[in-house]
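Below is entry-v7.txt, holding compact mmCIF, C-alpha atoms.
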```txt
# COMPACT_ATOMS: atom_id res chain seq x y z
CA MET A 1 -26.32 79.55 -92.81
CA THR A 2 -24.87 76.26 -93.69
CA ALA A 3 -25.77 73.50 -91.34
CA THR A 4 -23.02 71.06 -90.75
CA LEU A 5 -24.25 67.65 -90.05
CA VAL A 6 -21.97 65.81 -87.77
CA LYS A 7 -22.46 62.15 -88.20
CA GLU A 8 -22.20 60.47 -84.91
CA ALA A 9 -19.91 57.41 -85.01
CA ALA A 10 -21.78 54.11 -84.64
CA PRO A 11 -21.03 52.23 -81.39
CA PRO A 12 -18.94 49.06 -81.78
CA PRO A 13 -20.95 45.79 -81.91
CA VAL A 14 -21.45 44.07 -78.59
CA ASP A 15 -19.77 40.64 -78.39
CA ARG A 16 -22.35 38.38 -76.76
CA THR A 17 -20.58 35.10 -77.56
CA GLY A 18 -18.19 35.46 -74.64
CA PRO A 19 -20.82 35.23 -71.86
CA ALA A 20 -22.66 32.45 -73.69
CA ARG A 21 -19.44 30.49 -74.09
CA ARG A 22 -18.59 31.02 -70.44
CA SER A 23 -22.10 29.92 -69.45
CA ARG A 24 -21.81 26.73 -71.48
CA ARG A 25 -18.37 26.04 -70.05
CA ARG A 26 -19.68 26.60 -66.54
CA GLY A 27 -22.59 24.21 -67.21
CA ARG A 28 -20.23 21.51 -68.50
CA THR A 29 -17.98 21.98 -65.47
CA VAL A 30 -20.92 21.65 -63.06
CA ALA A 31 -22.17 18.54 -64.93
CA LEU A 32 -18.69 17.03 -64.82
CA LEU A 33 -18.43 17.69 -61.09
CA PHE A 34 -21.75 15.95 -60.50
CA ALA A 35 -20.73 13.01 -62.72
CA LEU A 36 -17.20 12.76 -61.29
CA PRO A 37 -18.07 10.45 -58.34
CA ALA A 38 -19.91 8.09 -60.68
CA LEU A 39 -17.03 8.20 -63.19
CA LEU A 40 -14.50 7.44 -60.47
CA LEU A 41 -16.63 4.55 -59.24
CA LEU A 42 -17.07 3.28 -62.80
CA GLY A 43 -13.35 3.46 -63.41
CA ALA A 44 -12.49 1.68 -60.16
CA LEU A 45 -15.09 -1.08 -60.48
CA VAL A 46 -15.29 -1.59 -64.26
CA VAL A 47 -12.53 0.00 -66.33
CA TYR A 48 -9.59 -0.91 -64.08
CA PRO A 49 -10.67 -4.58 -63.55
CA VAL A 50 -11.20 -4.99 -67.31
CA LEU A 51 -7.77 -3.59 -68.18
CA PHE A 52 -6.13 -5.57 -65.38
CA SER A 53 -7.78 -8.80 -66.56
CA VAL A 54 -6.66 -8.19 -70.15
CA GLY A 55 -3.09 -7.67 -68.98
CA ARG A 56 -3.20 -10.62 -66.56
CA SER A 57 -4.36 -12.94 -69.34
CA PHE A 58 -0.92 -12.66 -70.96
CA PHE A 59 0.92 -14.03 -67.89
CA ASP A 60 1.26 -17.52 -66.42
CA ALA A 61 -0.49 -18.88 -63.33
CA SER A 62 1.99 -17.22 -60.96
CA GLY A 63 1.67 -13.86 -62.73
CA THR A 64 5.43 -13.44 -63.08
CA ARG A 65 6.21 -14.84 -66.55
CA PHE A 66 4.85 -13.35 -69.76
CA VAL A 67 3.37 -16.09 -71.95
CA GLY A 68 1.68 -14.05 -74.66
CA GLY A 69 -1.33 -15.81 -76.18
CA GLU A 70 -0.59 -19.19 -74.58
CA ASN A 71 -3.53 -18.87 -72.19
CA TYR A 72 -5.89 -18.23 -75.11
CA ALA A 73 -4.52 -21.25 -76.97
CA GLU A 74 -4.83 -23.42 -73.83
CA MET A 75 -8.38 -22.20 -73.35
CA PHE A 76 -9.48 -23.82 -76.60
CA ARG A 77 -7.49 -27.01 -75.99
CA ASP A 78 -9.09 -27.67 -72.60
CA PRO A 79 -12.09 -30.09 -72.89
CA ALA A 80 -13.77 -28.49 -69.87
CA THR A 81 -13.60 -25.05 -71.48
CA LEU A 82 -14.98 -26.38 -74.76
CA LYS A 83 -17.85 -27.95 -72.84
CA ALA A 84 -18.45 -24.61 -71.10
CA VAL A 85 -18.58 -22.87 -74.51
CA ARG A 86 -21.05 -25.50 -75.75
CA ASN A 87 -23.28 -25.14 -72.69
CA THR A 88 -23.15 -21.34 -72.95
CA ALA A 89 -24.25 -21.61 -76.58
CA ILE A 90 -27.18 -23.79 -75.48
CA TRP A 91 -28.13 -21.20 -72.88
CA VAL A 92 -27.93 -18.34 -75.39
CA VAL A 93 -30.03 -20.15 -77.99
CA VAL A 94 -32.66 -21.75 -75.74
CA ALA A 95 -33.27 -19.58 -72.67
CA PRO A 96 -33.85 -16.13 -74.28
CA ALA A 97 -36.01 -17.62 -77.04
CA LEU A 98 -38.19 -19.52 -74.57
CA LEU A 99 -38.46 -16.56 -72.21
CA THR A 100 -39.38 -14.13 -74.99
CA GLY A 101 -41.98 -16.54 -76.36
CA LEU A 102 -43.46 -17.25 -72.92
CA GLY A 103 -43.46 -13.55 -72.04
CA LEU A 104 -45.26 -12.70 -75.28
CA ILE A 105 -47.90 -15.41 -74.84
CA LEU A 106 -48.53 -14.54 -71.20
CA ALA A 107 -48.64 -10.79 -71.88
CA VAL A 108 -51.31 -11.31 -74.55
CA LEU A 109 -53.32 -13.74 -72.44
CA VAL A 110 -53.15 -11.60 -69.29
CA GLU A 111 -55.04 -8.85 -71.10
CA LYS A 112 -58.01 -11.19 -71.29
CA VAL A 113 -57.89 -12.25 -67.62
CA ARG A 114 -60.13 -10.52 -65.12
CA TRP A 115 -57.54 -10.47 -62.32
CA ALA A 116 -54.67 -9.38 -64.57
CA THR A 117 -52.81 -7.42 -61.89
CA ALA A 118 -52.79 -10.30 -59.42
CA PHE A 119 -51.69 -12.69 -62.16
CA LYS A 120 -48.80 -10.41 -63.14
CA LEU A 121 -47.80 -10.08 -59.50
CA LEU A 122 -47.64 -13.86 -59.04
CA LEU A 123 -45.50 -14.31 -62.14
CA PHE A 124 -43.20 -11.41 -61.25
CA MET A 125 -42.66 -12.46 -57.62
CA PRO A 126 -39.77 -14.86 -58.39
CA MET A 127 -37.76 -11.82 -59.52
CA ALA A 128 -37.64 -10.83 -55.85
CA VAL A 129 -35.95 -14.13 -54.96
CA SER A 130 -32.16 -14.12 -55.09
CA PHE A 131 -30.41 -16.58 -57.39
CA LEU A 132 -28.89 -18.22 -54.31
CA ALA A 133 -32.29 -18.88 -52.75
CA ALA A 134 -33.77 -19.98 -56.09
CA GLY A 135 -30.86 -22.38 -56.59
CA ILE A 136 -31.44 -23.98 -53.19
CA ILE A 137 -35.18 -24.26 -53.88
CA PHE A 138 -34.67 -26.01 -57.20
CA ARG A 139 -31.84 -28.17 -55.88
CA LEU A 140 -34.38 -29.60 -53.45
CA ALA A 141 -37.16 -29.74 -56.04
CA TYR A 142 -34.91 -31.72 -58.41
CA ASP A 143 -33.77 -34.18 -55.71
CA GLU A 144 -33.83 -37.74 -57.03
CA ASP A 145 -35.39 -39.13 -53.83
CA PRO A 146 -39.19 -38.94 -54.30
CA ASP A 147 -39.54 -38.35 -50.56
CA LYS A 148 -37.58 -35.08 -50.93
CA GLY A 149 -37.87 -33.89 -54.53
CA VAL A 150 -41.34 -32.62 -55.40
CA LEU A 151 -40.87 -33.17 -59.14
CA ASN A 152 -39.89 -36.81 -58.74
CA ALA A 153 -42.70 -37.30 -56.24
CA ALA A 154 -45.16 -36.16 -58.93
CA VAL A 155 -43.48 -38.27 -61.64
CA VAL A 156 -43.49 -41.38 -59.45
CA ALA A 157 -47.15 -40.86 -58.52
CA VAL A 158 -48.17 -40.61 -62.19
CA HIS A 159 -46.01 -43.61 -63.15
CA ASP A 160 -47.37 -45.80 -60.39
CA ALA A 161 -50.94 -44.79 -61.26
CA PHE A 162 -50.56 -46.15 -64.81
CA GLU A 163 -47.83 -48.78 -64.54
CA GLY A 164 -48.25 -49.98 -61.00
CA THR A 165 -45.41 -50.89 -58.68
CA SER A 166 -43.88 -54.09 -57.36
CA VAL A 167 -45.44 -55.60 -54.26
CA TYR A 168 -42.34 -56.71 -52.37
CA PRO A 169 -39.20 -55.11 -53.87
CA THR A 170 -36.93 -56.37 -51.07
CA ALA A 171 -38.24 -59.94 -50.95
CA ARG A 172 -36.15 -62.98 -51.88
CA ALA A 173 -36.62 -66.73 -51.63
CA ARG A 174 -35.52 -68.67 -48.57
CA ASP A 175 -32.36 -70.53 -49.55
CA GLY A 176 -32.69 -74.28 -49.89
CA GLN A 177 -36.46 -74.34 -49.52
CA GLY A 178 -37.54 -75.19 -53.07
CA LEU A 179 -37.38 -71.86 -54.89
CA THR A 180 -34.56 -71.09 -57.34
CA GLU A 181 -33.78 -67.61 -58.67
CA GLN A 182 -33.77 -67.21 -62.46
CA ALA A 183 -31.71 -64.85 -64.64
CA ASP A 184 -34.67 -62.49 -65.14
CA GLY A 185 -35.18 -62.05 -61.38
CA SER A 186 -38.11 -64.45 -61.05
CA TYR A 187 -38.25 -67.55 -58.80
CA ARG A 188 -39.29 -71.08 -59.78
CA THR A 189 -39.96 -74.25 -57.88
CA GLY A 190 -37.22 -76.81 -58.42
CA ALA A 191 -39.52 -79.84 -58.24
CA SER A 192 -42.55 -80.35 -60.46
CA VAL A 193 -46.04 -80.19 -58.99
CA SER A 194 -49.34 -81.56 -60.25
CA PRO A 195 -53.04 -80.93 -59.65
CA GLY A 196 -53.93 -82.24 -56.20
CA ASP A 197 -50.70 -80.95 -54.63
CA SER A 198 -50.36 -78.26 -51.96
CA VAL A 199 -47.11 -76.26 -51.83
CA SER A 200 -45.59 -73.65 -49.57
CA LEU A 201 -43.39 -70.92 -51.08
CA PRO A 202 -41.31 -69.20 -48.35
CA LEU A 203 -39.91 -65.70 -48.87
CA VAL A 204 -37.74 -63.54 -46.63
CA GLY A 205 -36.39 -59.98 -46.70
CA VAL A 206 -39.70 -58.19 -46.12
CA PRO A 207 -39.72 -56.06 -42.95
CA PRO A 208 -42.90 -56.76 -40.95
CA LYS A 209 -43.68 -53.01 -40.98
CA ASP A 210 -43.82 -53.12 -44.80
CA LEU A 211 -46.48 -55.83 -44.91
CA PRO A 212 -49.84 -54.75 -46.37
CA ALA A 213 -52.46 -53.74 -43.83
CA ASP A 214 -54.73 -56.62 -44.90
CA ALA A 215 -52.06 -59.32 -44.47
CA GLU A 216 -53.27 -62.29 -42.39
CA PRO A 217 -51.50 -65.31 -40.84
CA ALA A 218 -50.73 -68.03 -43.39
CA TYR A 219 -50.96 -71.00 -40.98
CA ALA A 220 -54.59 -71.89 -41.72
CA ALA A 221 -54.12 -71.60 -45.48
CA ALA A 222 -51.09 -73.90 -45.39
CA GLY A 223 -53.16 -76.64 -43.76
CA ARG A 224 -55.81 -76.80 -46.48
CA THR A 225 -55.88 -79.87 -48.70
CA ALA A 226 -56.11 -79.46 -52.47
CA ALA A 227 -58.89 -81.14 -54.42
CA PRO A 228 -57.83 -83.67 -57.10
CA ASP A 229 -58.39 -81.16 -59.91
CA GLU A 230 -56.74 -78.14 -58.32
CA LEU A 231 -53.25 -76.95 -57.42
CA ARG A 232 -53.15 -75.08 -54.12
CA GLY A 233 -50.44 -73.31 -52.14
CA VAL A 234 -49.41 -70.39 -49.98
CA VAL A 235 -46.78 -67.65 -50.36
CA TYR A 236 -45.69 -66.49 -46.92
CA LEU A 237 -43.02 -64.55 -45.02
CA ASP A 238 -40.80 -67.20 -43.46
CA PHE A 239 -40.03 -65.12 -40.39
CA THR A 240 -41.41 -65.36 -36.87
CA PRO A 241 -41.41 -62.07 -34.93
CA GLY A 242 -39.39 -62.46 -31.74
CA GLY A 243 -37.46 -65.47 -33.09
CA GLY A 244 -38.17 -69.17 -33.10
CA GLY A 245 -40.04 -71.10 -35.73
CA GLU A 246 -38.75 -73.54 -38.31
CA GLN A 247 -37.37 -72.55 -41.68
CA GLY A 248 -39.43 -73.71 -44.63
CA ARG A 249 -42.44 -74.49 -42.46
CA VAL A 250 -45.43 -72.20 -41.93
CA ASP A 251 -45.58 -71.30 -38.24
CA ARG A 252 -48.61 -69.87 -36.48
CA GLN A 253 -47.30 -66.31 -36.28
CA GLU A 254 -45.97 -66.08 -39.83
CA SER A 255 -47.87 -63.84 -42.24
CA GLY A 256 -49.04 -64.52 -45.75
CA LEU A 257 -47.95 -62.21 -48.56
CA PRO A 258 -51.11 -60.94 -50.29
CA GLY A 259 -51.02 -59.55 -53.82
CA THR A 260 -48.21 -61.81 -55.04
CA THR A 261 -48.52 -63.03 -58.61
CA VAL A 262 -48.10 -66.80 -59.04
CA GLU A 263 -47.93 -68.58 -62.42
CA ALA A 264 -48.31 -72.23 -63.32
CA VAL A 265 -45.82 -72.98 -66.11
CA ARG A 266 -45.80 -75.99 -68.41
CA ASP A 267 -43.45 -76.62 -71.34
CA GLY A 268 -42.05 -73.11 -70.96
CA ARG A 269 -45.44 -71.42 -71.30
CA THR A 270 -47.71 -69.92 -68.65
CA ALA A 271 -50.75 -72.16 -68.32
CA ALA A 272 -52.49 -70.12 -65.60
CA SER A 273 -51.88 -67.10 -63.41
CA THR A 274 -53.40 -65.92 -60.14
CA THR A 275 -52.81 -63.55 -57.24
CA THR A 276 -52.51 -64.52 -53.59
CA ALA A 277 -55.26 -63.69 -51.09
CA SER A 278 -54.81 -61.79 -47.83
CA ASP A 279 -53.46 -64.91 -46.11
CA GLY A 280 -51.05 -65.61 -48.99
CA SER A 281 -53.08 -68.52 -50.36
CA PHE A 282 -53.59 -69.24 -54.06
CA ARG A 283 -55.16 -72.02 -56.10
CA PHE A 284 -55.38 -73.09 -59.72
CA SER A 285 -58.42 -75.06 -60.83
CA GLY A 286 -59.21 -76.68 -64.13
CA LEU A 287 -55.58 -77.49 -64.94
CA ASP A 288 -54.88 -80.38 -67.29
CA ALA A 289 -53.25 -83.38 -65.71
CA GLY A 290 -49.47 -83.36 -65.82
CA ALA A 291 -46.39 -81.77 -64.26
CA TYR A 292 -46.07 -78.01 -63.72
CA THR A 293 -43.60 -75.63 -62.15
CA LEU A 294 -44.71 -72.62 -60.15
CA ARG A 295 -43.14 -69.26 -60.91
CA LEU A 296 -43.12 -65.99 -58.96
CA PRO A 297 -42.56 -63.38 -61.75
CA ALA A 298 -39.86 -60.74 -61.41
CA SER A 299 -42.58 -58.06 -61.35
CA ASN A 300 -43.24 -59.06 -57.72
CA PHE A 301 -39.70 -58.02 -56.75
CA ALA A 302 -38.82 -55.18 -59.15
CA PRO A 303 -37.32 -52.16 -57.39
CA PRO A 304 -39.70 -49.22 -57.13
CA TYR A 305 -39.62 -46.54 -59.82
CA ASP A 306 -37.47 -43.70 -58.50
CA GLY A 307 -38.35 -41.07 -61.06
CA VAL A 308 -36.12 -39.02 -63.35
CA SER A 309 -32.50 -38.12 -62.69
CA TRP A 310 -33.04 -34.41 -63.24
CA LEU A 311 -29.53 -33.52 -62.13
CA GLY A 312 -27.81 -36.28 -64.06
CA PRO A 313 -25.32 -35.49 -66.84
CA ALA A 314 -27.99 -35.64 -69.57
CA LEU A 315 -30.62 -33.34 -68.00
CA VAL A 316 -28.72 -31.04 -65.66
CA THR A 317 -28.44 -28.13 -68.15
CA PRO A 318 -32.16 -28.23 -69.18
CA ALA A 319 -33.09 -28.50 -65.50
CA ILE A 320 -31.10 -25.37 -64.61
CA ILE A 321 -32.58 -23.53 -67.59
CA GLY A 322 -36.01 -24.46 -66.21
CA ALA A 323 -35.13 -22.76 -62.91
CA TYR A 324 -33.96 -19.71 -64.84
CA LEU A 325 -37.27 -19.58 -66.72
CA TRP A 326 -39.16 -19.62 -63.43
CA ILE A 327 -37.28 -16.54 -62.28
CA TRP A 328 -37.25 -14.45 -65.46
CA THR A 329 -40.60 -15.18 -67.14
CA GLY A 330 -42.29 -12.41 -65.14
CA PHE A 331 -39.65 -9.92 -66.28
CA ALA A 332 -40.23 -10.72 -69.95
CA MET A 333 -44.01 -10.66 -69.51
CA VAL A 334 -44.05 -7.24 -67.82
CA LEU A 335 -41.78 -5.60 -70.43
CA ILE A 336 -43.70 -7.05 -73.35
CA GLY A 337 -46.98 -6.18 -71.63
CA ALA A 338 -45.84 -2.55 -71.38
CA GLY A 339 -45.13 -2.56 -75.11
CA LEU A 340 -48.48 -4.22 -75.76
CA ALA A 341 -50.27 -1.44 -73.91
CA THR A 342 -48.87 1.16 -76.36
CA LEU A 343 -50.13 -0.59 -79.51
CA PRO A 344 -52.66 1.41 -81.55
CA ARG A 345 -56.01 -0.12 -80.72
CA ASP A 346 -57.59 1.25 -83.87
CA ALA A 347 -55.41 -1.06 -85.99
CA LEU A 348 -56.53 -4.08 -83.97
CA GLU A 349 -60.18 -3.07 -84.15
CA ALA A 350 -59.92 -2.41 -87.88
CA ALA A 351 -58.51 -5.90 -88.38
CA ARG A 352 -61.38 -7.41 -86.40
CA MET A 353 -63.91 -5.47 -88.45
CA ASP A 354 -62.27 -6.80 -91.63
CA GLY A 355 -62.92 -10.34 -90.42
CA ALA A 356 -59.49 -11.32 -89.04
CA ASN A 357 -59.54 -13.85 -86.24
CA GLU A 358 -57.47 -13.52 -83.05
CA TRP A 359 -54.66 -15.75 -84.32
CA GLN A 360 -54.33 -13.69 -87.52
CA ILE A 361 -54.33 -10.47 -85.50
CA PHE A 362 -51.67 -11.85 -83.20
CA ARG A 363 -49.43 -13.13 -86.03
CA ARG A 364 -49.82 -10.33 -88.56
CA ILE A 365 -50.35 -7.23 -86.40
CA THR A 366 -49.41 -7.73 -82.74
CA VAL A 367 -46.08 -9.48 -83.26
CA PRO A 368 -44.80 -7.14 -86.04
CA LEU A 369 -45.71 -4.04 -84.01
CA LEU A 370 -44.03 -5.52 -80.92
CA ALA A 371 -40.86 -6.46 -82.83
CA PRO A 372 -38.74 -3.61 -81.30
CA VAL A 373 -39.79 -4.56 -77.77
CA LEU A 374 -39.26 -8.26 -78.40
CA THR A 375 -35.78 -7.54 -79.77
CA VAL A 376 -34.80 -5.49 -76.70
CA VAL A 377 -36.10 -8.20 -74.35
CA PHE A 378 -34.32 -10.94 -76.30
CA VAL A 379 -30.96 -9.13 -76.44
CA THR A 380 -31.18 -8.18 -72.76
CA LEU A 381 -31.76 -11.82 -71.85
CA VAL A 382 -28.87 -12.92 -74.09
CA ILE A 383 -26.55 -10.61 -72.15
CA ASN A 384 -27.93 -11.94 -68.89
CA VAL A 385 -27.59 -15.66 -69.68
CA MET A 386 -23.99 -15.21 -70.80
CA LYS A 387 -23.19 -14.17 -67.24
CA VAL A 388 -25.26 -16.80 -65.44
CA PHE A 389 -23.28 -18.26 -62.54
CA ASP A 390 -25.26 -18.68 -59.32
CA LEU A 391 -27.86 -21.17 -60.55
CA VAL A 392 -25.31 -23.39 -62.27
CA TYR A 393 -22.95 -23.41 -59.31
CA ILE A 394 -25.66 -24.11 -56.72
CA ILE A 395 -28.03 -26.51 -58.51
CA ALA A 396 -25.51 -28.77 -60.26
CA PRO A 397 -24.12 -31.41 -57.84
CA GLY A 398 -20.36 -31.85 -57.62
CA PRO A 399 -20.12 -34.98 -59.82
CA VAL A 400 -21.94 -33.27 -62.72
CA GLN A 401 -20.58 -29.75 -62.20
CA GLU A 402 -18.37 -30.13 -65.26
CA ASP A 403 -21.34 -31.30 -67.38
CA ALA A 404 -23.32 -28.17 -66.46
CA THR A 405 -20.49 -25.63 -66.45
CA VAL A 406 -20.76 -22.40 -68.46
CA LEU A 407 -18.11 -19.78 -69.15
CA ALA A 408 -18.78 -17.84 -65.93
CA THR A 409 -18.51 -20.90 -63.68
CA GLN A 410 -15.52 -22.22 -65.62
CA MET A 411 -13.77 -18.87 -65.15
CA TRP A 412 -14.35 -19.08 -61.39
CA LEU A 413 -13.31 -22.73 -61.15
CA VAL A 414 -10.11 -22.15 -63.09
CA SER A 415 -9.20 -19.02 -61.12
CA PHE A 416 -10.34 -19.77 -57.56
CA GLY A 417 -12.17 -23.13 -57.41
CA GLY A 418 -9.11 -25.36 -57.34
CA GLY A 419 -7.36 -24.49 -60.60
CA ASN A 420 -5.50 -21.48 -59.13
CA ASN A 421 -4.60 -20.32 -62.63
CA GLN A 422 -5.69 -16.72 -62.80
CA GLY A 423 -3.92 -16.23 -66.11
CA LEU A 424 -6.19 -18.76 -67.81
CA GLY A 425 -9.15 -17.48 -65.78
CA SER A 426 -8.48 -13.93 -66.99
CA ALA A 427 -8.40 -15.19 -70.58
CA LEU A 428 -11.82 -16.78 -70.02
CA GLY A 429 -13.05 -13.48 -68.59
CA VAL A 430 -11.82 -11.60 -71.67
CA LEU A 431 -13.56 -14.15 -73.92
CA LEU A 432 -16.80 -13.66 -71.99
CA LEU A 433 -16.43 -9.87 -72.30
CA LEU A 434 -15.89 -10.12 -76.06
CA LEU A 435 -19.04 -12.21 -76.38
CA VAL A 436 -21.16 -9.81 -74.31
CA VAL A 437 -19.96 -6.51 -75.83
CA PRO A 438 -21.63 -6.91 -79.29
CA ALA A 439 -25.00 -7.59 -77.68
CA MET A 440 -24.56 -4.57 -75.40
CA VAL A 441 -23.62 -2.31 -78.31
CA PHE A 442 -26.62 -3.53 -80.30
CA ASN A 443 -28.94 -2.81 -77.38
CA VAL A 444 -27.54 0.69 -76.80
CA ARG A 445 -27.78 1.62 -80.49
CA ARG A 446 -31.33 0.37 -80.72
CA PHE A 447 -32.23 2.33 -77.59
CA ARG A 448 -30.79 5.52 -79.09
CA ARG A 449 -32.64 5.00 -82.37
CA SER A 450 -35.90 4.55 -80.50
CA GLN A 451 -35.29 7.82 -78.62
CA ARG A 452 -34.75 9.70 -81.87
```
Write out the structure in this file as structure tokens.
Amino acid sequence: MTATLVKEAAPPPVDRTGPARRSRRRGRTVALLFALPALLLLGALVVYPVLFSVGRSFFDASGTRFVGGENYAEMFRDPATLKAVRNTAIWVVVAPALLTGLGLILAVLVEKVRWATAFKLLLFMPMAVSFLAAGIIFRLAYDEDPDKGVLNAAVVAVHDAFEGTSVYPTARARDGQGLTEQADGSYRTGASVSPGDSVSLPLVGVPPKDLPADAEPAYAAAGRTAAPDELRGVVYLDFTPGGGGEQGRVDRQESGLPGTTVEAVRDGRTAASTTTASDGSFRFSGLDAGAYTLRLPASNFAPPYDGVSWLGPALVTPAIIGAYLWIWTGFAMVLIGAGLATLPRDALEAARMDGANEWQIFRRITVPLLAPVLTVVFVTLVINVMKVFDLVYIIAPGPVQEDATVLATQMWLVSFGGGNNQGLGSALGVLLLLLVVPAMVFNVRRFRRSQR
């Protein structure tokens, strides 16, 4: 019997790519649905304003006439815009470099501090302050009046401690009573005096409330007679409280002016110098016979030192950068500190065992290993300072606003702050965007490389 083998036909291969493809398509659809609200928001708040600004930059101030690249040409002809570009360049060069350096130094030092967490908290706290509030704080701190501005109060205190200050800045000589003002601000007696004479030098312009606490009446001192070999006198406030009295004559209620410098001058040179007592009296003894003139040096009447004009044209940009450093130093320190915590400790310990000191470890190991973190911090800060607006607008007073302006403030001033030229303002916005985009692209690419 012959067996017939019937070969059963093989089943057709199962196509499994269809369900997998449908699954992937379904996953992309679900992801797109979740991302759609964010994409719509991004398009409405970012993409559309950017495209609108690019288009608006090709029209005139009214927005009705197409002018092509005229706004871009005008932008680089305007002195205010050129100054804004210069100030922005200063910000980009100075602020990120200082912040990155400060953040690196503080991050390294904090590791060696016992209360590191509290120290980091104190330095990071300014990040919680809005730029508006920080601007108001530093506007007050930079105030030129030492009674209001804390920085000038400190500067004036240090200056007066080493240089001293004038005794009576508002004082002046009584007209027609023997004292003549000189070109350098000093006062001299018109008539010559000699040893054995007694003179009275009347001054006015000093409010009684500003007299020193140890000031005494000058009447008794004015009545003293000089010895033959001495020159005596009194410097007094020629003013009687409540009225009355006689000009040029020391009355009973008139006060002496203690602490006033008096010089005896002969042949154009100072022969002797002294300072008045609490009742305003002074005397020179041992003078050679002959004629002298008495001089009250200008140092007695020099206006008080008012400190530094922090918000003047020369210092307003560095002053605002200082406020920016106060806010952002904690940010740089925390980011660099996080990178510092990931460094391989065995490399540091090996360097110490090989005899490297802390400075060599910092320069040759810590900084090179932190280079990626330092670059990210630096580029992030560059992007941030290009957009700085609040601090400049709030801290800089009106008269020096143009000296402190950057591209962001110039864009606002041209568009809304009185210029009312949104065509030129849009061109400034496009310029700012073009300057920021390369830094953003660099940061994103570096972030992707670090993820790989």
Problem - Nearest candidate to Tyr292 of chain A (options A:Arg449, A:Glu263, A:Ser278, A:Ile320; using all atoms listed in the file) - result: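 Answer, going by the shortest atom-to-atom distance: A:Glu263.
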Handout entry: Shortest interatomic distance to Ala61 of chain A - which of A:Leu41, A:Val156, A:Ala314, A:Val414, counting all atoms listed in the file
Key = A:Val414
Please provide the set of residues having any atom within 12 Å of Lys148 of chain A, restricted to only C-alpha atoms, with same-chain residues fewer than 6 positions apart removed, written as a PDB file with C-alpha atoms, in the frame of the given file.
```
ATOM      1  CA  ILE A 137     -35.180 -24.260 -53.880  1.00  0.00           C
ATOM      2  CA  PHE A 138     -34.670 -26.010 -57.200  1.00  0.00           C
ATOM      3  CA  ARG A 139     -31.840 -28.170 -55.880  1.00  0.00           C
ATOM      4  CA  LEU A 140     -34.380 -29.600 -53.450  1.00  0.00           C
ATOM      5  CA  ALA A 141     -37.160 -29.740 -56.040  1.00  0.00           C
ATOM      6  CA  TYR A 142     -34.910 -31.720 -58.410  1.00  0.00           C
ATOM      7  CA  ALA A 154     -45.160 -36.160 -58.930  1.00  0.00           C
ATOM      8  CA  ASP A 306     -37.470 -43.700 -58.500  1.00  0.00           C
ATOM      9  CA  GLY A 307     -38.350 -41.070 -61.060  1.00  0.00           C
TER      10      GLY A 307
END
```
Handout entry: Distance in Å - atom CA of Leu325 of chain A versus atom CA of Leu102 of chain A
Key = 9.1 Å
Problem - Residues within 10 Å of Ala171 of chain A, all atoms listed in the file, excluding chain neighbours under 3 positions, as a ChimeraX atom specification - result: /A:167-168,174,203-207,237,300-302
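In this structure, atom CA of Ala338 of chain A sits 9.0 Å away from atom CA of Val373 of chain A.
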Handout entry: Test item: residues at most 10 Å from Val110 of chain A, only C-alpha atoms, excluding those fewer than 6 positions along its chain, as a VMD selection string
Key = chain A and resid 104 116 to 120 333 337
Export C-alpha atoms of the chosen residues as a PDB file, keeping the file's coordinate frame?
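Below is the file that was written, again-v2.pdb:
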```
ATOM      1  CA  LEU A 104     -45.260 -12.700 -75.280  1.00  0.00           C
ATOM      2  CA  ALA A 116     -54.670  -9.380 -64.570  1.00  0.00           C
ATOM      3  CA  THR A 117     -52.810  -7.420 -61.890  1.00  0.00           C
ATOM      4  CA  ALA A 118     -52.790 -10.300 -59.420  1.00  0.00           C
ATOM      5  CA  PHE A 119     -51.690 -12.690 -62.160  1.00  0.00           C
ATOM      6  CA  LYS A 120     -48.800 -10.410 -63.140  1.00  0.00           C
ATOM      7  CA  MET A 333     -44.010 -10.660 -69.510  1.00  0.00           C
ATOM      8  CA  GLY A 337     -46.980  -6.180 -71.630  1.00  0.00           C
TER       9      GLY A 337
END
```
Problem - Selected residue, from A:Gly223, A:Leu435, A:Leu33, A:Val334, that lies nearest to Glu111 of chain A when counting all atoms listed in the file - result: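 Selected residue with least distance to Glu111 of chain A: A:Val334.
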Handout entry: Residue neighbourhood segment 364-368 of chain A, 12 Å, all atoms listed in the file, exclusion window fewer than 2 positions, as a PyMOL selection string
Key = chain A and resi 100-101+104-105+107-108+336-337+339-352+356-362+370-375
Practice task
Name the residues in contact with Asp184 of chain A at a cut-off of 10 Å, using only C-alpha atoms, excluding same-chain residues fewer than 5 positions from it; report them as a VMD selection string.
Solution key: chain A and resid 297 to 299
Problem - Atom pair atom CA of Gly280 of chain A / atom CA of Tyr305 of chain A: separation (Å) - result: 24.7 Å
Handout entry: Radius query 9 Å about (-40.5, -13.9, -67.5), atoms used: all atoms listed in the file, as an MDAnalysis selection string
Key = chainID A and resid 99:100 102:103 106 123:124 127 325:335
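Each of A:Asp210, A:Glu70, A:Asp267, A:Glu144 was compared to Ser255 of chain A using all atoms listed in the file, and A:Asp210 turns out to be the nearest.
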